[in-house]
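Text of run-v3.tsv, listed as TSV, N, CA, C and O atoms:
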```
chain	number	residue	atom	x	y	z
A	176	MET	N	-3.46	-48.86	-119.65
A	176	MET	CA	-2.98	-47.96	-118.60
A	176	MET	C	-4.04	-46.90	-118.34
A	176	MET	O	-4.68	-46.39	-119.24
A	177	ASP	N	-4.19	-46.56	-117.08
A	177	ASP	CA	-5.18	-45.58	-116.67
A	177	ASP	C	-4.76	-44.18	-117.12
A	177	ASP	O	-3.60	-43.80	-116.98
A	178	LYS	N	-5.71	-43.42	-117.67
A	178	LYS	CA	-5.40	-42.08	-118.16
A	178	LYS	C	-4.95	-41.15	-117.03
A	178	LYS	O	-4.08	-40.31	-117.22
A	179	ALA	N	-5.54	-41.31	-115.85
A	179	ALA	CA	-5.21	-40.43	-114.72
A	179	ALA	C	-3.83	-40.72	-114.15
A	179	ALA	O	-3.27	-39.88	-113.46
A	180	ALA	N	-3.26	-41.88	-114.43
A	180	ALA	CA	-1.97	-42.23	-113.84
A	180	ALA	C	-0.85	-41.32	-114.34
A	180	ALA	O	0.10	-41.05	-113.62
A	181	GLY	N	-0.94	-40.81	-115.56
A	181	GLY	CA	0.11	-39.96	-116.09
A	181	GLY	C	-0.15	-38.48	-115.92
A	181	GLY	O	0.62	-37.66	-116.38
A	182	MET	N	-1.23	-38.10	-115.24
A	182	MET	CA	-1.58	-36.69	-115.07
A	182	MET	C	-0.83	-36.07	-113.91
A	182	MET	O	-0.64	-36.70	-112.88
A	183	SER	N	-0.46	-34.81	-114.08
A	183	SER	CA	0.08	-34.07	-112.95
A	183	SER	C	-1.09	-33.59	-112.10
A	183	SER	O	-2.25	-33.67	-112.51
A	184	ILE	N	-0.78	-33.09	-110.94
A	184	ILE	CA	-1.84	-32.60	-110.05
A	184	ILE	C	-2.56	-31.42	-110.69
A	184	ILE	O	-3.79	-31.32	-110.63
A	185	ARG	N	-1.82	-30.55	-111.32
A	185	ARG	CA	-2.44	-29.38	-111.97
A	185	ARG	C	-3.38	-29.82	-113.10
A	185	ARG	O	-4.49	-29.31	-113.22
A	186	LYS	N	-2.94	-30.77	-113.93
A	186	LYS	CA	-3.79	-31.25	-115.02
A	186	LYS	C	-5.04	-31.93	-114.47
A	186	LYS	O	-6.13	-31.76	-115.00
A	187	MET	N	-4.86	-32.70	-113.40
A	187	MET	CA	-6.01	-33.38	-112.81
A	187	MET	C	-6.99	-32.37	-112.21
A	187	MET	O	-8.20	-32.51	-112.34
A	188	TRP	N	-6.46	-31.33	-111.54
A	188	TRP	CA	-7.31	-30.28	-110.98
A	188	TRP	C	-8.09	-29.60	-112.10
A	188	TRP	O	-9.29	-29.40	-111.99
A	189	ASN	N	-7.41	-29.22	-113.18
A	189	ASN	CA	-8.09	-28.57	-114.30
A	189	ASN	C	-9.14	-29.48	-114.93
A	189	ASN	O	-10.22	-29.02	-115.32
A	190	TYR	N	-8.85	-30.77	-115.01
A	190	TYR	CA	-9.81	-31.72	-115.55
A	190	TYR	C	-11.05	-31.79	-114.66
A	190	TYR	O	-12.18	-31.76	-115.15
A	191	CYS	N	-10.83	-31.87	-113.34
A	191	CYS	CA	-11.97	-31.94	-112.42
A	191	CYS	C	-12.81	-30.67	-112.47
A	191	CYS	O	-14.04	-30.72	-112.45
A	192	ILE	N	-12.16	-29.52	-112.55
A	192	ILE	CA	-12.89	-28.26	-112.60
A	192	ILE	C	-13.65	-28.15	-113.92
A	192	ILE	O	-14.79	-27.69	-113.96
A	193	PHE	N	-13.04	-28.58	-115.02
A	193	PHE	CA	-13.72	-28.55	-116.31
A	193	PHE	C	-14.94	-29.45	-116.29
A	193	PHE	O	-16.01	-29.08	-116.78
A	194	GLN	N	-14.82	-30.62	-115.71
A	194	GLN	CA	-15.94	-31.56	-115.66
A	194	GLN	C	-17.06	-31.06	-114.77
A	194	GLN	O	-18.22	-31.42	-114.95
A	195	SER	N	-16.72	-30.25	-113.77
A	195	SER	CA	-17.73	-29.79	-112.82
A	195	SER	C	-18.09	-28.32	-113.01
A	195	SER	O	-18.55	-27.68	-112.08
A	196	SER	N	-17.88	-27.79	-114.21
A	196	SER	CA	-18.10	-26.36	-114.42
A	196	SER	C	-19.57	-25.96	-114.25
A	196	SER	O	-19.87	-24.81	-113.99
A	197	ARG	N	-20.47	-26.92	-114.36
A	197	ARG	CA	-21.90	-26.60	-114.18
A	197	ARG	C	-22.29	-26.49	-112.72
A	197	ARG	O	-23.34	-26.00	-112.40
A	198	TYR	N	-21.44	-26.97	-111.83
A	198	TYR	CA	-21.75	-26.96	-110.41
A	198	TYR	C	-20.89	-25.91	-109.72
A	198	TYR	O	-19.67	-26.01	-109.69
A	199	ARG	N	-21.55	-24.91	-109.14
A	199	ARG	CA	-20.83	-23.75	-108.60
A	199	ARG	C	-19.89	-24.08	-107.45
A	199	ARG	O	-18.77	-23.59	-107.39
A	200	GLY	N	-20.31	-24.91	-106.53
A	200	GLY	CA	-19.52	-25.15	-105.33
A	200	GLY	C	-18.59	-26.35	-105.42
A	200	GLY	O	-18.01	-26.75	-104.42
A	201	MET	N	-18.43	-26.91	-106.61
A	201	MET	CA	-17.65	-28.13	-106.73
A	201	MET	C	-16.18	-27.95	-106.36
A	201	MET	O	-15.57	-28.84	-105.78
A	202	LYS	N	-15.61	-26.78	-106.65
A	202	LYS	CA	-14.20	-26.54	-106.27
A	202	LYS	C	-14.02	-26.68	-104.76
A	202	LYS	O	-13.08	-27.30	-104.30
A	203	TYR	N	-14.95	-26.11	-104.03
A	203	TYR	CA	-14.85	-26.14	-102.58
A	203	TYR	C	-15.08	-27.54	-102.04
A	203	TYR	O	-14.43	-27.97	-101.09
A	204	ILE	N	-15.98	-28.28	-102.66
A	204	ILE	CA	-16.25	-29.64	-102.23
A	204	ILE	C	-15.03	-30.52	-102.46
A	204	ILE	O	-14.68	-31.36	-101.61
A	205	ILE	N	-14.36	-30.36	-103.58
A	205	ILE	CA	-13.17	-31.15	-103.88
A	205	ILE	C	-12.08	-30.86	-102.84
A	205	ILE	O	-11.45	-31.78	-102.30
A	206	VAL	N	-11.85	-29.59	-102.54
A	206	VAL	CA	-10.80	-29.23	-101.57
A	206	VAL	C	-11.17	-29.71	-100.17
A	206	VAL	O	-10.33	-30.29	-99.47
A	207	LEU	N	-12.42	-29.51	-99.76
A	207	LEU	CA	-12.82	-29.96	-98.43
A	207	LEU	C	-12.78	-31.48	-98.31
A	207	LEU	O	-12.43	-32.02	-97.26
A	208	GLY	N	-13.12	-32.17	-99.38
A	208	GLY	CA	-13.05	-33.63	-99.36
A	208	GLY	C	-11.62	-34.11	-99.19
A	208	GLY	O	-11.35	-35.05	-98.43
A	209	ALA	N	-10.69	-33.48	-99.88
A	209	ALA	CA	-9.28	-33.87	-99.75
A	209	ALA	C	-8.76	-33.57	-98.34
A	209	ALA	O	-8.04	-34.38	-97.75
A	210	LEU	N	-9.12	-32.41	-97.80
A	210	LEU	CA	-8.66	-32.06	-96.45
A	210	LEU	C	-9.26	-32.98	-95.39
A	210	LEU	O	-8.57	-33.39	-94.46
A	211	SER	N	-10.52	-33.31	-95.53
A	211	SER	CA	-11.14	-34.19	-94.53
A	211	SER	C	-10.58	-35.60	-94.62
A	211	SER	O	-10.40	-36.26	-93.61
A	212	ALA	N	-10.29	-36.06	-95.82
A	212	ALA	CA	-9.70	-37.40	-95.97
A	212	ALA	C	-8.30	-37.43	-95.37
A	212	ALA	O	-7.91	-38.44	-94.75
A	213	ALA	N	-7.55	-36.36	-95.52
A	213	ALA	CA	-6.19	-36.32	-94.97
A	213	ALA	C	-6.19	-36.18	-93.45
A	213	ALA	O	-5.25	-36.61	-92.79
A	214	SER	N	-7.24	-35.60	-92.89
A	214	SER	CA	-7.25	-35.34	-91.45
A	214	SER	C	-7.71	-36.54	-90.63
A	214	SER	O	-7.55	-36.54	-89.41
A	215	VAL	N	-8.26	-37.57	-91.26
A	215	VAL	CA	-8.78	-38.71	-90.50
A	215	VAL	C	-7.69	-39.38	-89.67
A	215	VAL	O	-7.92	-39.70	-88.50
A	216	SER	N	-6.54	-39.59	-90.23
A	216	SER	CA	-5.48	-40.26	-89.46
A	216	SER	C	-5.02	-39.41	-88.28
A	216	SER	O	-4.69	-39.95	-87.22
A	217	TYR	N	-5.00	-38.10	-88.44
A	217	TYR	CA	-4.61	-37.23	-87.34
A	217	TYR	C	-5.65	-37.24	-86.22
A	217	TYR	O	-5.31	-37.26	-85.04
A	218	ILE	N	-6.91	-37.23	-86.59
A	218	ILE	CA	-7.98	-37.26	-85.60
A	218	ILE	C	-7.91	-38.56	-84.82
A	218	ILE	O	-8.02	-38.57	-83.58
A	219	ASN	N	-7.71	-39.69	-85.51
A	219	ASN	CA	-7.59	-40.97	-84.82
A	219	ASN	C	-6.40	-40.97	-83.88
A	219	ASN	O	-6.49	-41.49	-82.76
A	220	SER	N	-5.28	-40.41	-84.29
A	220	SER	CA	-4.09	-40.38	-83.43
A	220	SER	C	-4.35	-39.57	-82.17
A	220	SER	O	-3.95	-39.97	-81.07
A	221	PHE	N	-5.03	-38.43	-82.30
A	221	PHE	CA	-5.34	-37.62	-81.12
A	221	PHE	C	-6.29	-38.35	-80.18
A	221	PHE	O	-6.14	-38.30	-78.96
A	222	LEU	N	-7.28	-39.05	-80.74
A	222	LEU	CA	-8.21	-39.78	-79.89
A	222	LEU	C	-7.51	-40.94	-79.19
A	222	LEU	O	-7.76	-41.19	-78.01
A	223	TYR	N	-6.65	-41.67	-79.89
A	223	TYR	CA	-5.90	-42.75	-79.26
A	223	TYR	C	-5.01	-42.21	-78.14
A	223	TYR	O	-4.90	-42.83	-77.08
A	224	ALA	N	-4.36	-41.10	-78.38
A	224	ALA	CA	-3.50	-40.51	-77.35
A	224	ALA	C	-4.32	-40.13	-76.12
A	224	ALA	O	-3.88	-40.33	-74.98
A	225	GLY	N	-5.51	-39.57	-76.34
A	225	GLY	CA	-6.37	-39.21	-75.22
A	225	GLY	C	-6.80	-40.42	-74.42
A	225	GLY	O	-6.84	-40.39	-73.18
A	226	ILE	N	-7.12	-41.51	-75.12
A	226	ILE	CA	-7.52	-42.74	-74.44
A	226	ILE	C	-6.36	-43.29	-73.62
A	226	ILE	O	-6.54	-43.69	-72.46
A	227	LEU	N	-5.17	-43.31	-74.21
A	227	LEU	CA	-4.01	-43.80	-73.46
A	227	LEU	C	-3.70	-42.94	-72.23
A	227	LEU	O	-3.37	-43.46	-71.17
A	228	ASP	N	-3.83	-41.63	-72.38
A	228	ASP	CA	-3.61	-40.74	-71.23
A	228	ASP	C	-4.60	-41.03	-70.11
A	228	ASP	O	-4.23	-41.08	-68.93
A	229	LEU	N	-5.87	-41.23	-70.48
A	229	LEU	CA	-6.88	-41.52	-69.46
A	229	LEU	C	-6.64	-42.88	-68.81
A	229	LEU	O	-6.83	-43.02	-67.60
A	230	LEU	N	-6.23	-43.86	-69.60
A	230	LEU	CA	-5.96	-45.18	-69.01
A	230	LEU	C	-4.76	-45.13	-68.07
A	230	LEU	O	-4.77	-45.77	-67.02
A	231	LEU	N	-3.72	-44.38	-68.44
A	231	LEU	CA	-2.56	-44.26	-67.56
A	231	LEU	C	-2.89	-43.49	-66.28
A	231	LEU	O	-2.29	-43.74	-65.23
A	232	ALA	N	-3.86	-42.58	-66.36
A	232	ALA	CA	-4.29	-41.84	-65.18
A	232	ALA	C	-5.35	-42.60	-64.39
A	232	ALA	O	-5.87	-42.09	-63.39
A	233	LYS	N	-5.68	-43.82	-64.82
A	233	LYS	CA	-6.66	-44.70	-64.18
A	233	LYS	C	-8.05	-44.07	-64.12
A	233	LYS	O	-8.79	-44.24	-63.16
A	234	GLN	N	-8.40	-43.34	-65.15
A	234	GLN	CA	-9.74	-42.76	-65.29
A	234	GLN	C	-10.51	-43.60	-66.32
A	234	GLN	O	-10.72	-43.21	-67.46
A	235	TYR	N	-10.93	-44.77	-65.87
A	235	TYR	CA	-11.49	-45.76	-66.79
A	235	TYR	C	-12.85	-45.36	-67.36
A	235	TYR	O	-13.14	-45.64	-68.51
A	236	SER	N	-13.68	-44.70	-66.56
A	236	SER	CA	-15.00	-44.32	-67.08
A	236	SER	C	-14.86	-43.24	-68.16
A	236	SER	O	-15.58	-43.26	-69.16
A	237	ALA	N	-13.94	-42.32	-68.00
A	237	ALA	CA	-13.71	-41.30	-69.01
A	237	ALA	C	-13.11	-41.94	-70.26
A	237	ALA	O	-13.42	-41.54	-71.39
A	238	ALA	N	-12.27	-42.96	-70.08
A	238	ALA	CA	-11.68	-43.66	-71.22
A	238	ALA	C	-12.75	-44.39	-72.00
A	238	ALA	O	-12.71	-44.43	-73.24
A	239	LYS	N	-13.75	-44.95	-71.31
A	239	LYS	CA	-14.86	-45.61	-72.01
A	239	LYS	C	-15.61	-44.63	-72.88
A	239	LYS	O	-15.99	-44.94	-74.01
A	240	GLY	N	-15.81	-43.42	-72.37
A	240	GLY	CA	-16.48	-42.39	-73.16
A	240	GLY	C	-15.69	-42.02	-74.42
A	240	GLY	O	-16.25	-41.86	-75.50
A	241	GLN	N	-14.37	-41.91	-74.27
A	241	GLN	CA	-13.52	-41.61	-75.42
A	241	GLN	C	-13.53	-42.74	-76.44
A	241	GLN	O	-13.50	-42.50	-77.64
A	242	ILE	N	-13.58	-43.97	-75.95
A	242	ILE	CA	-13.65	-45.12	-76.87
A	242	ILE	C	-14.95	-45.10	-77.64
A	242	ILE	O	-14.97	-45.37	-78.85
A	243	LEU	N	-16.04	-44.75	-76.98
A	243	LEU	CA	-17.33	-44.65	-77.67
A	243	LEU	C	-17.31	-43.57	-78.73
A	243	LEU	O	-17.86	-43.73	-79.83
A	244	ILE	N	-16.67	-42.46	-78.45
A	244	ILE	CA	-16.54	-41.39	-79.43
A	244	ILE	C	-15.72	-41.86	-80.63
A	244	ILE	O	-16.05	-41.60	-81.78
A	245	LEU	N	-14.64	-42.61	-80.35
A	245	LEU	CA	-13.79	-43.12	-81.41
A	245	LEU	C	-14.53	-44.10	-82.32
A	245	LEU	O	-14.41	-44.06	-83.53
A	246	VAL	N	-15.32	-44.96	-81.68
A	246	VAL	CA	-16.07	-45.96	-82.45
A	246	VAL	C	-17.16	-45.27	-83.23
A	246	VAL	O	-17.41	-45.50	-84.37
```

Starting from the coordinates I provided, produce the structure as structure tokens.
Amino acid sequence: MDKAAGMSIRKMWNYCIFQSSRYRGMKYIIVLGALSAASVSYINSFLYAGILDLLLAKQYSAAKGQILILV
């Protein structure tokens, strides 16, 4: 069984901070990494909604630009 599977979030946070105590900015990198990973699905949803709005408004060239940004 994996050791991390039974850890609470607090214990895992303390473990990560203890392991990275030599690196000053590691706390911020861990938090920013988690936030950016969580925001990917929201960003994709907003881009899809924008593409659908442009397609419904028959603005196909603008929709192509949004698709390129998404890709």

**Study point:** d(atom N of Gly240 of chain A, atom C of Val215 of chain A) in Å
**Key:**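 Rounded to one decimal, the two atoms are 19.5 Å apart.
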
Exercise for review: List every protein, DNA or RNA residue with an atom no more than 12 Å from (-13.9, -33.0, -104.5) in the file's coordinates, counting only C-alpha atoms, and format the result as a count of residues only.
Suggested key: 21

Review point. Restricting the calculation to all atoms listed in the file, which member of A:Ile184, A:Leu227, A:Leu222, A:Ala232 is positioned closest to Leu245 of chain A?
Key: A:Leu222

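You will find atom C of Ile218 of chain A at 13.3 Å from atom CA of Leu243 of chain A.
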
Point to revise | Which of chain A DSSP labels alpha helix (DSSP H), written as a PyMOL selection string | key: chain A and resi 184-194+201-231+235-245

Review point. Which value, in Å to one decimal, gives the distance between atom N of Ile244 of chain A and atom C of Asn219 of chain A?
Key: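 Rounded to one decimal, the two atoms are 11.7 Å apart.
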
Generate the missing atoms of segment 221-232 of chain A up to all heavy atoms and report them as an mmCIF file, keeping the file's coordinate frame.
```cif
data_model
loop_
_atom_site.group_PDB
_atom_site.id
_atom_site.type_symbol
_atom_site.label_atom_id
_atom_site.label_comp_id
_atom_site.auth_asym_id
_atom_site.auth_seq_id
_atom_site.Cartn_x
_atom_site.Cartn_y
_atom_site.Cartn_z
ATOM 1 N N PHE A 221 -5.030 -38.430 -82.300
ATOM 2 C CA PHE A 221 -5.340 -37.620 -81.120
ATOM 3 C C PHE A 221 -6.290 -38.350 -80.180
ATOM 4 O O PHE A 221 -6.140 -38.300 -78.960
ATOM 5 C CB PHE A 221 -5.934 -36.267 -81.515
ATOM 6 C CG PHE A 221 -4.925 -35.319 -82.076
ATOM 7 C CD1 PHE A 221 -5.108 -34.767 -83.319
ATOM 8 C CD2 PHE A 221 -3.795 -34.977 -81.370
ATOM 9 C CE1 PHE A 221 -4.184 -33.879 -83.852
ATOM 10 C CE2 PHE A 221 -2.853 -34.087 -81.884
ATOM 11 C CZ PHE A 221 -3.057 -33.551 -83.135
ATOM 12 N N LEU A 222 -7.280 -39.050 -80.740
ATOM 13 C CA LEU A 222 -8.210 -39.780 -79.890
ATOM 14 C C LEU A 222 -7.510 -40.940 -79.190
ATOM 15 O O LEU A 222 -7.760 -41.190 -78.010
ATOM 16 C CB LEU A 222 -9.401 -40.282 -80.710
ATOM 17 C CG LEU A 222 -10.380 -39.194 -81.154
ATOM 18 C CD1 LEU A 222 -11.428 -39.770 -82.083
ATOM 19 C CD2 LEU A 222 -11.040 -38.544 -79.956
ATOM 20 N N TYR A 223 -6.650 -41.670 -79.890
ATOM 21 C CA TYR A 223 -5.900 -42.750 -79.260
ATOM 22 C C TYR A 223 -5.010 -42.210 -78.140
ATOM 23 O O TYR A 223 -4.900 -42.830 -77.080
ATOM 24 C CB TYR A 223 -5.026 -43.489 -80.276
ATOM 25 C CG TYR A 223 -5.791 -44.365 -81.236
ATOM 26 C CD1 TYR A 223 -5.476 -44.380 -82.582
ATOM 27 C CD2 TYR A 223 -6.820 -45.188 -80.800
ATOM 28 C CE1 TYR A 223 -6.170 -45.185 -83.471
ATOM 29 C CE2 TYR A 223 -7.520 -45.989 -81.671
ATOM 30 C CZ TYR A 223 -7.186 -45.991 -83.014
ATOM 31 O OH TYR A 223 -7.870 -46.781 -83.877
ATOM 32 N N ALA A 224 -4.360 -41.100 -78.380
ATOM 33 C CA ALA A 224 -3.500 -40.510 -77.350
ATOM 34 C C ALA A 224 -4.320 -40.130 -76.120
ATOM 35 O O ALA A 224 -3.880 -40.330 -74.980
ATOM 36 C CB ALA A 224 -2.767 -39.302 -77.906
ATOM 37 N N GLY A 225 -5.510 -39.570 -76.340
ATOM 38 C CA GLY A 225 -6.370 -39.210 -75.220
ATOM 39 C C GLY A 225 -6.800 -40.420 -74.420
ATOM 40 O O GLY A 225 -6.840 -40.390 -73.180
ATOM 41 N N ILE A 226 -7.120 -41.510 -75.120
ATOM 42 C CA ILE A 226 -7.520 -42.740 -74.440
ATOM 43 C C ILE A 226 -6.360 -43.290 -73.620
ATOM 44 O O ILE A 226 -6.540 -43.690 -72.460
ATOM 45 C CB ILE A 226 -8.021 -43.783 -75.468
ATOM 46 C CG1 ILE A 226 -9.339 -43.316 -76.082
ATOM 47 C CG2 ILE A 226 -8.194 -45.148 -74.814
ATOM 48 C CD1 ILE A 226 -9.775 -44.115 -77.279
ATOM 49 N N LEU A 227 -5.170 -43.310 -74.210
ATOM 50 C CA LEU A 227 -4.010 -43.800 -73.460
ATOM 51 C C LEU A 227 -3.700 -42.940 -72.230
ATOM 52 O O LEU A 227 -3.370 -43.460 -71.170
ATOM 53 C CB LEU A 227 -2.788 -43.877 -74.374
ATOM 54 C CG LEU A 227 -2.832 -44.977 -75.432
ATOM 55 C CD1 LEU A 227 -1.639 -44.857 -76.361
ATOM 56 C CD2 LEU A 227 -2.879 -46.336 -74.783
ATOM 57 N N ASP A 228 -3.830 -41.630 -72.380
ATOM 58 C CA ASP A 228 -3.610 -40.740 -71.230
ATOM 59 C C ASP A 228 -4.600 -41.030 -70.110
ATOM 60 O O ASP A 228 -4.230 -41.080 -68.930
ATOM 61 C CB ASP A 228 -3.729 -39.278 -71.653
ATOM 62 C CG ASP A 228 -2.554 -38.795 -72.469
ATOM 63 O OD1 ASP A 228 -1.499 -39.469 -72.446
ATOM 64 O OD2 ASP A 228 -2.694 -37.749 -73.136
ATOM 65 N N LEU A 229 -5.870 -41.230 -70.480
ATOM 66 C CA LEU A 229 -6.880 -41.520 -69.460
ATOM 67 C C LEU A 229 -6.640 -42.880 -68.810
ATOM 68 O O LEU A 229 -6.830 -43.020 -67.600
ATOM 69 C CB LEU A 229 -8.281 -41.464 -70.084
ATOM 70 C CG LEU A 229 -8.756 -40.069 -70.499
ATOM 71 C CD1 LEU A 229 -10.043 -40.160 -71.304
ATOM 72 C CD2 LEU A 229 -8.938 -39.191 -69.274
ATOM 73 N N LEU A 230 -6.230 -43.860 -69.600
ATOM 74 C CA LEU A 230 -5.960 -45.180 -69.010
ATOM 75 C C LEU A 230 -4.760 -45.130 -68.070
ATOM 76 O O LEU A 230 -4.770 -45.770 -67.020
ATOM 77 C CB LEU A 230 -5.731 -46.208 -70.121
ATOM 78 C CG LEU A 230 -6.972 -46.600 -70.925
ATOM 79 C CD1 LEU A 230 -6.590 -47.508 -72.067
ATOM 80 C CD2 LEU A 230 -8.007 -47.264 -70.024
ATOM 81 N N LEU A 231 -3.720 -44.380 -68.440
ATOM 82 C CA LEU A 231 -2.560 -44.260 -67.560
ATOM 83 C C LEU A 231 -2.890 -43.490 -66.280
ATOM 84 O O LEU A 231 -2.290 -43.740 -65.230
ATOM 85 C CB LEU A 231 -1.409 -43.581 -68.296
ATOM 86 C CG LEU A 231 -0.769 -44.421 -69.401
ATOM 87 C CD1 LEU A 231 0.231 -43.581 -70.191
ATOM 88 C CD2 LEU A 231 -0.089 -45.647 -68.806
ATOM 89 N N ALA A 232 -3.860 -42.580 -66.360
ATOM 90 C CA ALA A 232 -4.290 -41.840 -65.180
ATOM 91 C C ALA A 232 -5.350 -42.600 -64.390
ATOM 92 O O ALA A 232 -5.870 -42.090 -63.390
ATOM 93 C CB ALA A 232 -4.824 -40.475 -65.585
#
```
